[in-house]
Structure formats: C-alpha cells, structure tokens
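Visitor: Structure: run-v3.tsv, TSV, C-alpha atoms.
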```
chain	number	residue	atom	x	y	z
D	414	MET	CA	0.00	0.00	0.00
D	415	ASP	CA	2.94	2.36	0.65
D	416	ASN	CA	3.78	2.29	-3.06
D	417	VAL	CA	0.19	3.12	-3.94
D	418	ILE	CA	0.21	6.15	-1.60
D	419	GLU	CA	3.54	7.27	-3.04
D	420	HIS	CA	2.14	7.20	-6.55
D	421	ARG	CA	-0.98	9.03	-5.44
D	422	ASN	CA	1.21	11.81	-4.08
D	423	PHE	CA	2.94	12.07	-7.47
D	424	MET	CA	-0.41	13.22	-8.87
D	425	LYS	CA	-0.75	16.10	-6.42
D	426	ALA	CA	0.41	19.70	-6.79
D	427	ASN	CA	3.42	19.68	-4.48
D	428	TYR	CA	4.89	23.08	-5.35
D	429	ALA	CA	5.21	24.03	-1.70
D	430	GLY	CA	7.96	21.42	-1.44
D	431	PHE	CA	9.93	22.81	-4.38
D	432	ASP	CA	11.21	25.98	-2.68
D	433	ASN	CA	14.74	24.61	-2.36
D	434	PHE	CA	15.08	23.71	-6.05
D	435	LYS	CA	16.81	26.02	-8.47
D	436	THR	CA	15.96	25.26	-12.08
D	437	ASP	CA	18.35	25.56	-14.99
D	438	GLN	CA	16.24	28.46	-16.23
D	439	MET	CA	16.86	30.22	-12.90
D	440	LYS	CA	20.58	29.53	-13.39
D	441	ASN	CA	20.38	31.30	-16.78
D	442	LEU	CA	21.39	28.18	-18.63
D	443	PRO	CA	20.30	28.16	-22.29
D	444	GLU	CA	16.87	26.77	-23.06
D	445	PRO	CA	16.78	23.38	-24.81
D	446	ALA	CA	15.85	23.13	-28.48
D	447	LEU	CA	12.15	23.25	-29.26
D	448	GLN	CA	12.52	20.23	-31.52
D	449	LYS	CA	14.92	17.32	-31.63
D	450	PRO	CA	17.60	18.02	-34.25
D	451	LEU	CA	17.93	15.91	-37.38
D	452	ASP	CA	20.81	14.54	-39.38
D	453	ASN	CA	21.04	16.62	-42.57
D	454	LYS	CA	21.04	13.43	-44.64
D	455	ILE	CA	17.55	12.37	-43.50
D	456	GLU	CA	14.85	12.52	-46.16
D	457	LEU	CA	12.10	15.06	-45.48
D	458	ILE	CA	8.58	14.66	-46.85
D	459	ASP	CA	6.19	17.56	-47.40
D	460	LEU	CA	2.74	17.35	-45.83
D	461	ILE	CA	-0.44	19.09	-46.93
D	462	PRO	CA	-0.54	22.61	-45.39
D	463	TYR	CA	-3.29	23.16	-42.85
D	464	GLU	CA	-4.88	25.90	-44.96
D	465	LYS	CA	-5.43	23.47	-47.85
D	466	ILE	CA	-6.85	20.57	-45.84
D	467	ASN	CA	-10.50	19.64	-46.18
D	468	ILE	CA	-12.13	17.16	-43.79
D	469	GLN	CA	-15.47	15.43	-44.12
D	470	ASN	CA	-16.80	16.46	-40.71
D	471	ASP	CA	-15.66	19.65	-39.05
D	472	ASN	CA	-18.57	19.78	-36.62
D	473	LEU	CA	-16.84	19.94	-33.24
D	474	LYS	CA	-20.02	19.25	-31.30
D	475	ALA	CA	-20.70	16.08	-33.29
D	476	ASN	CA	-17.08	14.94	-33.03
D	477	ILE	CA	-17.10	15.31	-29.25
D	478	LEU	CA	-20.40	13.43	-29.05
D	479	ASN	CA	-19.19	10.59	-31.28
D	480	ARG	CA	-15.71	10.25	-29.77
D	481	ARG	CA	-14.93	6.78	-28.49
D	482	SER	CA	-12.06	4.30	-28.45
D	483	ARG	CA	-12.01	2.19	-31.61
D	484	ARG	CA	-9.96	-0.94	-32.16
D	485	VAL	CA	-11.41	-2.39	-35.37
D	486	PHE	CA	-10.40	-0.79	-38.65
D	487	THR	CA	-10.92	-1.39	-42.36
D	488	ASP	CA	-8.10	-2.01	-44.83
D	489	GLU	CA	-8.60	1.44	-46.36
D	490	ALA	CA	-5.47	3.59	-46.36
D	491	LEU	CA	-5.29	7.03	-44.82
D	492	THR	CA	-4.75	9.70	-47.45
D	493	LEU	CA	-1.79	12.02	-47.09
D	494	GLU	CA	-4.24	14.87	-46.55
D	495	GLU	CA	-5.94	13.01	-43.70
D	496	PHE	CA	-2.60	12.09	-42.17
D	497	SER	CA	-1.42	15.68	-42.45
D	498	PHE	CA	-4.53	16.82	-40.60
D	499	LEU	CA	-4.00	14.37	-37.73
D	500	LEU	CA	-0.40	15.46	-37.32
D	501	TRP	CA	-1.24	19.15	-37.40
D	502	ALA	CA	-4.15	18.67	-34.98
D	503	THR	CA	-1.95	16.93	-32.41
D	504	GLN	CA	1.35	18.85	-32.55
D	505	GLY	CA	1.05	21.54	-35.22
D	506	VAL	CA	3.01	24.71	-34.52
D	507	LYS	CA	1.11	28.00	-34.81
D	508	GLU	CA	3.81	30.39	-33.66
D	509	ILE	CA	7.42	30.46	-32.47
D	510	ILE	CA	8.14	32.89	-29.63
D	511	GLN	CA	11.60	34.42	-29.63
D	512	ARG	CA	13.59	36.05	-26.85
D	513	GLU	CA	16.97	37.67	-27.31
D	514	GLY	CA	17.08	36.44	-30.90
D	515	ARG	CA	16.56	32.77	-29.97
D	516	ASP	CA	13.64	30.39	-30.37
D	517	TYR	CA	12.26	30.33	-26.85
D	518	ALA	CA	8.89	28.57	-26.98
D	519	SER	CA	6.30	27.27	-29.41
D	520	LEU	CA	2.53	27.73	-29.44
D	521	ARG	CA	0.84	24.63	-30.79
D	522	THR	CA	-2.60	23.18	-31.37
D	523	VAL	CA	-2.53	21.66	-27.86
D	524	PRO	CA	-1.67	23.22	-24.49
D	525	SER	CA	1.53	22.43	-22.63
D	526	ALA	CA	2.85	23.58	-19.26
D	527	GLY	CA	4.93	26.69	-19.84
D	528	ALA	CA	4.65	26.09	-23.60
D	529	ARG	CA	7.56	23.67	-23.25
D	530	HIS	CA	5.98	20.91	-25.40
D	531	PRO	CA	8.38	18.11	-24.39
D	532	PHE	CA	7.04	15.47	-26.81
D	533	GLU	CA	8.24	14.18	-30.16
D	534	THR	CA	5.79	12.30	-32.39
D	535	TYR	CA	6.99	9.05	-33.99
D	536	LEU	CA	4.85	7.27	-36.55
D	537	VAL	CA	4.93	3.59	-37.42
D	538	VAL	CA	3.24	3.77	-40.81
D	539	HIS	CA	1.51	0.64	-42.07
D	540	ASN	CA	-0.94	1.97	-44.67
D	541	VAL	CA	-0.84	5.63	-45.68
D	542	GLU	CA	-1.16	6.62	-49.34
D	543	SER	CA	2.11	7.72	-51.01
D	544	LEU	CA	4.19	6.71	-47.97
D	545	LYS	CA	6.23	3.53	-47.70
D	546	PRO	CA	5.82	1.50	-44.52
D	547	GLY	CA	8.34	2.27	-41.81
D	548	LEU	CA	9.30	4.72	-39.09
D	549	TYR	CA	8.81	8.48	-39.39
D	550	ARG	CA	8.97	11.50	-37.10
D	551	TYR	CA	6.74	14.54	-37.35
D	552	LEU	CA	8.49	17.92	-37.49
D	553	GLY	CA	5.84	20.30	-36.19
D	554	ILE	CA	7.82	23.47	-36.81
D	555	GLU	CA	8.26	22.70	-40.51
D	556	HIS	CA	5.05	20.60	-40.85
D	557	LYS	CA	7.06	17.86	-42.52
D	558	LEU	CA	7.80	14.17	-42.00
D	559	ALA	CA	11.28	12.81	-41.44
D	560	TRP	CA	11.88	9.31	-42.83
D	561	LEU	CA	13.79	7.28	-40.22
D	562	GLY	CA	13.88	3.92	-42.01
D	563	GLU	CA	12.27	0.54	-42.44
D	564	ILE	CA	11.31	-1.77	-39.57
D	565	GLU	CA	11.89	-5.47	-40.16
D	566	ASP	CA	8.75	-7.56	-39.47
D	567	GLN	CA	7.06	-4.27	-38.70
D	568	GLN	CA	3.50	-5.34	-37.95
D	569	LYS	CA	4.66	-8.24	-35.78
D	570	LYS	CA	7.08	-6.06	-33.79
D	571	MET	CA	4.52	-3.30	-33.35
D	572	THR	CA	1.99	-5.80	-32.01
D	573	GLU	CA	4.57	-7.28	-29.64
D	574	ALA	CA	5.57	-3.82	-28.42
D	575	ALA	CA	1.88	-3.19	-27.66
D	576	LEU	CA	1.83	-6.33	-25.51
D	577	GLY	CA	-0.06	-8.39	-28.07
D	578	GLN	CA	-2.80	-5.86	-28.82
D	579	GLN	CA	-3.47	-6.89	-32.41
D	580	PHE	CA	-4.95	-3.64	-33.64
D	581	ALA	CA	-1.55	-1.96	-33.27
D	582	GLY	CA	-0.36	-4.09	-36.19
D	583	LYS	CA	-3.60	-3.92	-38.18
D	584	CYS	CA	-4.11	-0.17	-38.42
D	585	SER	CA	-2.99	2.53	-40.83
D	586	VAL	CA	-0.48	4.16	-38.51
D	587	VAL	CA	0.56	4.10	-34.87
D	588	PHE	CA	1.21	7.47	-33.22
D	589	ILE	CA	3.93	7.07	-30.59
D	590	TRP	CA	4.74	10.01	-28.33
D	591	ALA	CA	8.19	10.11	-26.76
D	592	VAL	CA	9.05	12.64	-24.10
D	593	ILE	CA	12.33	14.56	-23.89
D	594	PRO	CA	12.09	15.43	-20.17
D	595	TYR	CA	14.80	18.10	-20.06
D	596	ARG	CA	12.80	20.32	-22.39
D	597	SER	CA	10.47	20.87	-19.42
D	598	GLU	CA	12.89	20.10	-16.57
D	599	TRP	CA	14.87	23.17	-17.64
D	600	ARG	CA	12.00	25.26	-16.28
D	601	TYR	CA	10.11	23.03	-13.82
D	602	HIS	CA	12.71	20.64	-12.36
D	603	VAL	CA	10.95	17.76	-10.56
D	604	ALA	CA	7.52	19.30	-11.14
D	605	THR	CA	7.96	18.45	-14.82
D	606	HIS	CA	6.87	14.87	-14.81
D	607	LYS	CA	3.30	15.31	-13.66
D	608	SER	CA	2.69	18.13	-16.13
D	609	ALA	CA	4.29	16.19	-18.99
D	610	LEU	CA	1.85	13.31	-18.52
D	611	ILE	CA	-1.02	15.80	-18.52
D	612	ASP	CA	0.36	17.20	-21.78
D	613	ALA	CA	0.26	13.73	-23.31
D	614	GLY	CA	-3.46	13.56	-22.55
D	615	HIS	CA	-4.07	16.86	-24.35
D	616	ILE	CA	-2.27	15.55	-27.44
D	617	CYS	CA	-4.14	12.27	-27.58
D	618	GLN	CA	-7.56	13.83	-27.04
D	619	ASN	CA	-6.95	16.04	-30.07
D	620	LEU	CA	-6.10	12.89	-32.03
D	621	TYR	CA	-9.40	11.32	-31.00
D	622	LEU	CA	-11.39	14.35	-32.12
D	623	ALA	CA	-9.42	14.77	-35.35
D	624	CYS	CA	-10.01	11.11	-36.21
D	625	GLU	CA	-13.76	11.61	-35.88
D	626	GLY	CA	-13.47	14.40	-38.43
D	627	ILE	CA	-12.00	12.14	-41.13
D	628	GLY	CA	-13.99	8.95	-40.63
D	629	ALA	CA	-11.18	7.27	-38.72
D	630	GLY	CA	-10.79	6.00	-35.19
D	631	THR	CA	-8.13	5.48	-32.56
D	632	CYS	CA	-7.60	3.87	-29.17
D	633	ALA	CA	-4.93	5.12	-26.80
D	634	ILE	CA	-2.52	2.57	-25.34
D	635	ALA	CA	-0.67	3.01	-22.07
D	636	ALA	CA	0.13	-0.71	-21.66
D	637	TYR	CA	3.19	-1.44	-23.77
D	638	ASP	CA	6.67	-2.93	-23.49
D	639	GLN	CA	8.87	0.04	-22.61
D	640	LYS	CA	12.23	-1.32	-23.78
D	641	MET	CA	10.81	-2.83	-26.95
D	642	THR	CA	8.96	0.35	-27.89
D	643	ASP	CA	11.94	2.61	-27.20
D	644	LYS	CA	14.08	0.34	-29.37
D	645	LEU	CA	11.43	0.32	-32.10
D	646	ILE	CA	11.43	4.12	-32.36
D	647	ARG	CA	15.22	4.31	-31.86
D	648	VAL	CA	15.43	6.39	-28.70
D	649	ASP	CA	17.75	5.85	-25.74
D	650	GLY	CA	15.11	5.21	-23.05
D	651	VAL	CA	16.77	7.67	-20.65
D	652	ASP	CA	16.81	11.18	-22.11
D	653	GLU	CA	13.97	10.28	-24.46
D	654	TYR	CA	11.40	7.51	-24.08
D	655	CYS	CA	7.90	6.49	-25.07
D	656	VAL	CA	5.05	7.59	-22.80
D	657	TYR	CA	1.93	6.94	-24.87
D	658	MET	CA	0.79	5.46	-28.20
D	659	SER	CA	-2.40	5.38	-30.23
D	660	PRO	CA	-3.09	3.29	-33.37
D	661	VAL	CA	-5.26	4.96	-36.04
D	662	GLY	CA	-7.29	3.40	-38.84
D	663	LYS	CA	-10.22	4.08	-41.15
D	664	LEU	CA	-13.66	2.88	-40.11
```
Turn this file's structure into structure tokens for me.
Guide:
Amino acid sequence: MDNVIEHRNFMKANYAGFDNFKTDQMKNLPEPALQKPLDNKIELIDLIPYEKINIQNDNLKANILNRRSRRVFTDEALTLEEFSFLLWATQGVKEIIQREGRDYASLRTVPSAGARHPFETYLVVHNVESLKPGLYRYLGIEHKLAWLGEIEDQQKKMTEAALGQQFAGKCSVVFIWAVIPYRSEWRYHVATHKSALIDAGHICQNLYLACEGIGAGTCAIAAYDQKMTDKLIRVDGVDEYCVYMSPVGKL
C-alpha cells in the first residue's frame, strides 16, 4: 500500500515542497531546443498545409459526441491529406516565440505547461497513401515528415511492443509520443513529470477528435513494453522515451 500512496502523491500539486530547487532556467542556462535536431542526410517529406486541408466532418459538437475508443479498422489507407490533418491537430506549430534572438517557446494546437511541449511524435506507418511502410517523425515546426527507415517484421514487432494488442499491427499508422524530459525540466525541475503526462493527454484527445473528423478511429494505449517500444522508435530510453501510443485506422 505504501507504493500506492507514493504514486498518489505524485499526482498532487506539491509546489510548496519545491522551494529549495533552483531550475536551470533560474541559473540562466540556455533553453533546450524546441525540436529534436535531425541529421542533414535524413529525407524530409512535405505534408499538406493546414490551410489546404478539407475534412469530411468539421462539426466539433458532433465529433465530441461521437468520440470513443475504436480498435477495429478497415483495410482502407489514410490519405496524405488526412494524415497531415491528424499530425497538425496533435502537434502543429502555430507560432514560435523568440527572446533575445533565440527560439524560446512554441505555441501549438494543444496546451503544454509553460509552452515547453516536451514530446516528439513518432509514426509507425503501415498503410498511408504515397508513404512507404516504416518509421517516421513529425516535425511540427516545418510541418514535414522525417523518414527514419524501415522496420523489419514491422507489424509483428509493433503488435509485440503493444503487448499483443493486435490492432496496433492492423491499423494505418501508430502514433507514438516520446518525451524529452529536459525540455520541461529546464523550467520546472521535478515538477515536470506530472505536467508532462497531462500534456500527453491533451495531445491524444486532439487525435481522438481529429479522427472523428475524417472517418477514422483510434484507441490510446498506455500498456506497452517500454524497452521494446523505445528500441522500435530508436530512442535511448533515458533522455527520451515512449510515454503513450495510439493506433489509427479508417472505419
């Protein structure tokens, strides 16, 4: 029971106990990059700009009413336009805030504590028109995809990483959100980790609502193999690691 109480306390606002902490922001250390840097040799893929995207149902009231977790999908592929919309809806960048000539914070389509936005979006693409199967990362600032490479036995490995949940291997694409904790720790120190998990919920709820707008569905997954998933998306599991995933498919 002691462990249960300890984890309950993690959920509470414990700022009164943080008086003795001095954050890296307070120390005037430089803010971390707003987006994980890329190797210049990585292939970038243009997405459909938000202004040019049309969706079949942009009735927010109806989309909220119809929102539910969905685990059974058709074999129909997502179009690149639909995929672009889902990416923009979950992590699209509306504005970059600068201070002293540097990129300081980003304003996105979802809220984040202190506008730190500590998540990177990885995509295991199974069936999206004009995209080959494999691993991608969404670049919200540029609204582009970065091609990270093929995954051997992709559908099998994705299903195993999701602890045998078959729909993770039988969907169009799996959204996998990996956190880079220091992006928020720079400002909030040990208060980061509660707020980062709240941020993940904001992101995934936007995915649910966006899916309803394009005749697709999703089901968030918090039960997954941590080491296998981190290896699948090629992150170190220490300074960056998976926190949440959500397979998407057409209905």
Visitor: Write out, as JSON lines, each residue of region 503-619 of chain D that has an atom at most 10 Å from region 660-664 of chain D, together with the closest pair of atoms and their distance in Å to one decimal, counting only C-alpha atoms, rows going by chain and rising number.
Guide:
```
{"residue": "D:Leu536", "atom": "CA", "partner": "D:Pro660", "partner_atom": "CA", "distance": 9.4}
{"residue": "D:Val537", "atom": "CA", "partner": "D:Pro660", "partner_atom": "CA", "distance": 9.0}
{"residue": "D:Val538", "atom": "CA", "partner": "D:Pro660", "partner_atom": "CA", "distance": 9.8}
{"residue": "D:His539", "atom": "CA", "partner": "D:Gly662", "partner_atom": "CA", "distance": 9.8}
{"residue": "D:Asn540", "atom": "CA", "partner": "D:Gly662", "partner_atom": "CA", "distance": 8.7}
{"residue": "D:Val541", "atom": "CA", "partner": "D:Gly662", "partner_atom": "CA", "distance": 9.7}
{"residue": "D:Ala575", "atom": "CA", "partner": "D:Pro660", "partner_atom": "CA", "distance": 10.0}
{"residue": "D:Phe580", "atom": "CA", "partner": "D:Pro660", "partner_atom": "CA", "distance": 7.2}
{"residue": "D:Ala581", "atom": "CA", "partner": "D:Pro660", "partner_atom": "CA", "distance": 5.5}
{"residue": "D:Gly582", "atom": "CA", "partner": "D:Pro660", "partner_atom": "CA", "distance": 8.4}
{"residue": "D:Lys583", "atom": "CA", "partner": "D:Gly662", "partner_atom": "CA", "distance": 8.2}
{"residue": "D:Cys584", "atom": "CA", "partner": "D:Gly662", "partner_atom": "CA", "distance": 4.8}
{"residue": "D:Ser585", "atom": "CA", "partner": "D:Gly662", "partner_atom": "CA", "distance": 4.8}
{"residue": "D:Val586", "atom": "CA", "partner": "D:Val661", "partner_atom": "CA", "distance": 5.4}
{"residue": "D:Val587", "atom": "CA", "partner": "D:Pro660", "partner_atom": "CA", "distance": 4.0}
{"residue": "D:Phe588", "atom": "CA", "partner": "D:Pro660", "partner_atom": "CA", "distance": 6.0}
{"residue": "D:Ile589", "atom": "CA", "partner": "D:Pro660", "partner_atom": "CA", "distance": 8.4}
```
Visitor: Convert the current residue selection to file output with C-alpha atoms, as a JSON list (two decimals), in the frame of the given file.
Guide:
```
[["chain", "number", "residue", "atom", "x", "y", "z"],
["D", 536, "LEU", "CA", 4.85, 7.27, -36.55],
["D", 537, "VAL", "CA", 4.93, 3.59, -37.42],
["D", 538, "VAL", "CA", 3.24, 3.77, -40.81],
["D", 539, "HIS", "CA", 1.51, 0.64, -42.07],
["D", 540, "ASN", "CA", -0.94, 1.97, -44.67],
["D", 541, "VAL", "CA", -0.84, 5.63, -45.68],
["D", 575, "ALA", "CA", 1.88, -3.19, -27.66],
["D", 580, "PHE", "CA", -4.95, -3.64, -33.64],
["D", 581, "ALA", "CA", -1.55, -1.96, -33.27],
["D", 582, "GLY", "CA", -0.36, -4.09, -36.19],
["D", 583, "LYS", "CA", -3.60, -3.92, -38.18],
["D", 584, "CYS", "CA", -4.11, -0.17, -38.42],
["D", 585, "SER", "CA", -2.99, 2.53, -40.83],
["D", 586, "VAL", "CA", -0.48, 4.16, -38.51],
["D", 587, "VAL", "CA", 0.56, 4.10, -34.87],
["D", 588, "PHE", "CA", 1.21, 7.47, -33.22],
["D", 589, "ILE", "CA", 3.93, 7.07, -30.59]]
```
Visitor: Nearest to Gln618 (chain D) among D:Thr522, D:Asn427, D:Thr436, D:Gln511, with distances taken over all atoms listed in the file: which residue is it?
Guide: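 Of D:Thr522, D:Asn427, D:Thr436, D:Gln511, the one nearest Gln618 (chain D) is D:Thr522, counting all atoms listed in the file.
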Visitor: Between CA of Trp599 (chain D) and CA of Asp437 (chain D), what is the spacing in Å?
Guide: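 Interatomic distance, CA of Asp437 (chain D) to CA of Trp599 (chain D): 5.0 Å.
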Visitor: Looking at all atoms listed in the file, which of D:Lys425, D:Arg512, D:His420, D:Arg484 is the one that sits closest to Ala604 (chain D)?
Guide: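 That would be D:Lys425, the residue with the smallest distance to Ala604 (chain D).
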Visitor: Restricting the calculation to all atoms listed in the file, which member of D:Lys435, D:Arg483, D:Arg550, D:Lys545 is positioned closest to Val648 (chain D)?
Guide: D:Arg550
